[in-house]
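Take a look at the structure set out below.
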Amino acid sequence: MDTYSTATLYINGKWVEADRGASFEVTDPSSGQVIGVAADAGTAETERAIAAASDAFPNWRAQNAYTRAAALLRMHELMLERSEDLALLMSLEQGKPLRAARNEIRYAADFLIWFAEEAKRIYGSTIPSSRTNQRLTVLRQPIGVVAGITPWNYPVSMITRKVAPAIAAGCSIVVKPAEQTPLCARAVFDIFDEADLPPGVVNLITTSRPSEVGDAFLRSRAIRKLTFTGSTAVGKMLASRASESMKRVSLELGGHAPFIVFDDADVEHAAKGAALAKYLNTGQACISPNRIYVQRGSIGRFVNVLTDRARRLRPGSGVDESSTIGPLIDMTAVTKMEQQVADAVGKGAQVAIGGERLREDGLDGGNFFAPTVLTGVSPAMSIYNEETFGPIAPVIAFDTEDEVVAMANDTEYGLASYVYTKDLARAVRVSEALRFGIVGINDINPTAAAAPFGGLGESGVGREGGAQGIDEYLDVKLVAHVLGDAVD
Ligand code: NAP
């Protein structure tokens, strides 16, 4: 792929440039070097993409489920064929180590095959009527044109998690990816292009002016559904404005995941799991453990293993096979880490390891922050209350089950949560008491294309993946039918 081509808009089945050739640069977060360019679209290009999607919708919704599934299966095949190239591009553009990038491509491809299969299971139902001459039938039909807005942290899977169910349901879609990762989006759309979908079914708008594109989505009456993954602040703004034209919205927003370790757990195993989950994607995941609660009797052992794991990580460019932790996405994120550490230390926390920006060994040009463990963290500290989105593991001591459940639930967010215990009854009690959309019991990877993903409260509305994921793209229609003229 030529990363310097500015034809990164995919509208009506064609790759095109932005009007007047407008473009913006894309940089490698591990070095600050420019690695490519992308088209900088605004209102006019977005409106053309929406028009293309609107024109394509009637024909696409009329295709049978097997035709739609076949297109998705072809995309799945192509994504697996290209997985190594896609992973390399992702490591370069987004920064995650190659191994994690390869995992993300597999996860992204899973949505394509999962929804290829779900396309054939968009069942309706019949309802027994109290009137003998009446028939009640429930149909599920595609909602219409969809707008999808995606973040940079999972730049491939967040696209397939929206596009696959949309086209499986018979919708057409316009996607706006994050401005940090337009090249990954383009590579995914190359695959969609080769899968021979009718023109206009999928469209891509890259931009450095997100509000201009967002405004065009919100103003459009043709768009019936907005699906967004990103920060809670932007999600709330979009949802409130989407209500003006009564668009359906689904929102996958921020998280503040508790990670709870009881004395009865395998504490070493829990600490290894905490390190894997916390430093994955350099902490830039909505389900990243953000508050690590450890029962007082185990805290010493837990912190030793966690610190040891943090020490063993090798920061570096994602494309270097020996790197095990990549950079943060930008310097704003590095500054946020510095502020959270300074605030916590100022209020009594101790730095067990890390705590500062990394500049040595050629890391100076990138946005690197040391894998960090903080102990003695308390509710007065900003890290206790804010989503960190970086490689800082704050450890908090607790004494009782009731206390830790109350602390874990004391947040506006409600996406993922984790519990380590060997006590079966406790596992059941605590998983039922936690107010989160996802609970992992002795499990740091509680996600799969086949399972519903989503949050409660300020973590969002709606679910992606699983049998539920396609519902977000379907309207429910009741057909009530009276046979003959008799009224009974
Ligand atoms: P963000 O700033 O909200 O950006 C997300 C997307 O929204 C980007 O494409 C961004 O475009 C776009 N955007 C920003 N302002 C907009 C506007 N006014 N109109 C239309 N679009 C707009 O979030 P982020 O910092 O990139 O992503 C991190 C957040 O995403 C975290 O809070 C994380 O927890 C959350 N997240 C949630 C999930 C989940 O499934 N729940 C998954 C991954 C990430 P630009 O890039 O051009 O700004």
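In the structure tokens, chains take letters A, B, ... by order of appearance, with residues numbered from 1 within each chain and ligands from 1 in the order shown.
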
Per residue of chain A within 8 Å of ligand 1, which atom pair is closest and at what distance in Å (one decimal), using only C-alpha atoms and all ligand atoms, listed by chain and increasing number, as a tab-separated table?
residue	atom	partner	partner_atom_place_in_ligand_line	distance
A:Ile149	CA	ligand 1	9 (O)	5.2
A:Thr150	CA	ligand 1	9 (O)	4.6
A:Pro151	CA	ligand 1	5 (C)	4.2
A:Trp152	CA	ligand 1	26 (O)	5.6
A:Asn153	CA	ligand 1	43 (C)	6.1
A:Tyr154	CA	ligand 1	43 (C)	6.4
A:Met158	CA	ligand 1	42 (C)	7.2
A:Lys176	CA	ligand 1	9 (O)	6.1
A:Pro177	CA	ligand 1	9 (O)	4.7
A:Ala178	CA	ligand 1	46 (O)	3.3
A:Glu179	CA	ligand 1	46 (O)	4.0
A:Gln180	CA	ligand 1	46 (O)	6.0
A:Thr181	CA	ligand 1	46 (O)	7.9
A:Thr207	CA	ligand 1	47 (O)	6.3
A:Ser208	CA	ligand 1	47 (O)	5.0
A:Arg209	CA	ligand 1	47 (O)	5.9
A:Pro210	CA	ligand 1	47 (O)	4.4
A:Ser211	CA	ligand 1	18 (N)	3.7
A:Glu212	CA	ligand 1	19 (N)	6.9
A:Val213	CA	ligand 1	20 (C)	6.2
A:Gly214	CA	ligand 1	20 (C)	3.7
A:Asp215	CA	ligand 1	19 (N)	6.5
A:Phe228	CA	ligand 1	7 (O)	7.1
A:Thr229	CA	ligand 1	37 (C)	5.2
A:Gly230	CA	ligand 1	30 (O)	3.1
A:Ser231	CA	ligand 1	3 (O)	3.6
A:Thr232	CA	ligand 1	32 (O)	6.1
A:Ala233	CA	ligand 1	3 (O)	6.8
A:Val234	CA	ligand 1	3 (O)	4.8
A:Gly235	CA	ligand 1	3 (O)	6.6
A:Met237	CA	ligand 1	18 (N)	7.6
A:Leu238	CA	ligand 1	19 (N)	6.8
A:Leu251	CA	ligand 1	41 (N)	7.3
A:Glu252	CA	ligand 1	41 (N)	3.5
A:Leu253	CA	ligand 1	41 (N)	4.1
A:Gly254	CA	ligand 1	34 (O)	3.2
A:Gly255	CA	ligand 1	34 (O)	5.1
A:Gln284	CA	ligand 1	33 (C)	7.3
A:Ala285	CA	ligand 1	43 (C)	5.8
A:Cys286	CA	ligand 1	34 (O)	3.4
A:Ile287	CA	ligand 1	34 (O)	7.1
A:Glu387	CA	ligand 1	32 (O)	7.1
A:Phe389	CA	ligand 1	31 (C)	7.0
A:Leu415	CA	ligand 1	41 (N)	6.8
A:Phe453	CA	ligand 1	40 (O)	7.1
A:Gly454	CA	ligand 1	41 (N)	6.1
A:Gly455	CA	ligand 1	41 (N)	6.7
A:Ser459	CA	ligand 1	41 (N)	6.3
A:Gly460	CA	ligand 1	41 (N)	7.0

Q. Skipping near chain neighbours, those fewer than 5 positions away, what residues fall within 12 Å of stretch 52-59 of chain A using only C-alpha atoms, listed as a VMD selection string?
A. chain A and resid 10 to 14 45 to 47 64 67 to 68 141 to 147 166 to 167 169 to 175 197 to 204 220 to 224

Q) Contacts of stretch 353-357 of chain A at 9 Å or less, counting only C-alpha atoms, minus same-chain residues fewer than 3 places along, as a ChimeraX atom specification? A) /A:307-308,310-311,334-335,337-338,341-342,350,367-374,392

Q | Long-range neighbours of A:Ala108 as a PyMOL selection string, 8 Å cut-off, only C-alpha atoms, 6 positions minimum in chain | A | chain A and resi 156-161

Go ahead and dump the residues you just picked, N, CA and C atoms, as a compact mmCIF listing (two decimals), in the first residue's frame.
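Printed below is part02.txt as written:
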# COMPACT_ATOMS: atom_id res chain seq x y z
N VAL A 156 -8.45 -1.51 13.63
CA VAL A 156 -9.03 -2.42 12.63
C VAL A 156 -10.29 -3.09 13.18
N SER A 157 -10.19 -3.62 14.41
CA SER A 157 -11.34 -4.38 14.93
C SER A 157 -12.53 -3.48 15.25
N MET A 158 -12.28 -2.21 15.60
CA MET A 158 -13.43 -1.34 15.89
C MET A 158 -14.21 -1.02 14.61
N ILE A 159 -13.53 -1.16 13.46
CA ILE A 159 -14.23 -0.96 12.18
C ILE A 159 -15.05 -2.20 11.83
N THR A 160 -14.43 -3.40 11.93
CA THR A 160 -15.20 -4.59 11.54
C THR A 160 -16.33 -4.86 12.53
N ARG A 161 -16.15 -4.45 13.80
CA ARG A 161 -17.20 -4.68 14.80
C ARG A 161 -18.47 -3.89 14.45

Q) Among stretch 258-394 of chain A, which residues carry a DSSP assignment of alpha helix (DSSP H), reported as an MDAnalysis selection string? A) chainID A and resid 267:279 299:312 331:346 382:385

Q: Just the strand (DSSP E or B) stuff from stretch 134-210 of chain A, please, per backbone DSSP, written as a ChimeraX atom specification.
A: /A:134-142,145-149,172-176,202-204

Which residues of stretch 21-138 of chain A come within 8 Å of stretch 441-451 of chain A, and for each one, what is the closest pair of atoms and their distance in Å to one decimal, counting only C-alpha atoms, sorted by chain and residue number, as JSON lines?
{"residue": "A:Tyr107", "atom": "CA", "partner": "A:Ala449", "partner_atom": "CA", "distance": 7.1}
{"residue": "A:Asp110", "atom": "CA", "partner": "A:Ala449", "partner_atom": "CA", "distance": 5.8}
{"residue": "A:Phe111", "atom": "CA", "partner": "A:Ala449", "partner_atom": "CA", "distance": 5.4}
{"residue": "A:Trp114", "atom": "CA", "partner": "A:Ala449", "partner_atom": "CA", "distance": 6.6}

Q: Mind checking which residues fall within 12 Å of A:Glu386, counting only C-alpha atoms, ignoring those fewer than 3 positions away in the same chain, and posting them as a VMD selection string?
A: chain A and resid 232 254 to 257 290 to 291 336 to 337 339 to 340 343 to 344 379 to 383 389 to 390 394 411 to 413

Q: Quick one: pull the distance between atom CA of A:Val476 and atom CA of A:Leu139, Å, one decimal.
A: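 Interatomic distance, atom CA of A:Val476 to atom CA of A:Leu139: 5.9 Å.
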
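With only C-alpha atoms taken into account, the protein and nucleic acid residues at most 8 Å from A:Ser83 (excluding it and anything under 6 positions from it in its own chain) are Arg102, Ile105 and Arg106 of chain A.
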
Q. Got a sec: who's within 9 Å of A:Phe302, counting only C-alpha atoms, leaving out chain neighbours fewer than 3 positions off, as a list in words?
A.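 Using only C-alpha atoms, the neighbours found are Val261, Val267, Glu268, Ala270, Ala271, Lys272, Val294, Ser298, Ile299, Val305, Leu306 and Thr307 of chain A.
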
Would you put the residues from that selection into a file with C-alpha atoms, as a short mmCIF file (atom, residue, chain, number, x, y, z; two decimals), in the first residue's frame?
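Written file, result_38.cif:
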data_model
loop_
_atom_site.label_atom_id
_atom_site.label_comp_id
_atom_site.auth_asym_id
_atom_site.auth_seq_id
_atom_site.Cartn_x
_atom_site.Cartn_y
_atom_site.Cartn_z
CA VAL A 261 -7.95 -9.97 43.94
CA VAL A 267 -2.25 -14.41 43.87
CA GLU A 268 0.80 -14.88 41.59
CA ALA A 270 -3.67 -12.90 39.38
CA ALA A 271 -0.67 -10.54 39.36
CA LYS A 272 0.60 -11.97 36.07
CA VAL A 294 -5.93 -6.42 46.43
CA SER A 298 -1.86 -10.62 49.64
CA ILE A 299 -0.70 -7.17 48.73
CA VAL A 305 5.03 -10.14 40.90
CA LEU A 306 3.32 -7.19 39.19
CA THR A 307 6.44 -5.04 39.56
#

(Q) Nearest residue to A:Arg82 out of A:Leu280, A:Leu9, A:Asp190, A:Tyr418, using only C-alpha atoms? (A) A:Asp190

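Straight-line separation from atom CA of A:Ala69 to atom CA of A:Gly148: 20.3 Å.
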
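Between atom CA of A:Glu25 and atom CA of A:Asp364 there is a distance of 20.4 Å.
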
Q. Pick from A:Leu92, A:Ser31, A:Ala100, A:Thr227: nearest to A:Ser250, with only C-alpha atoms counted?
A. A:Thr227
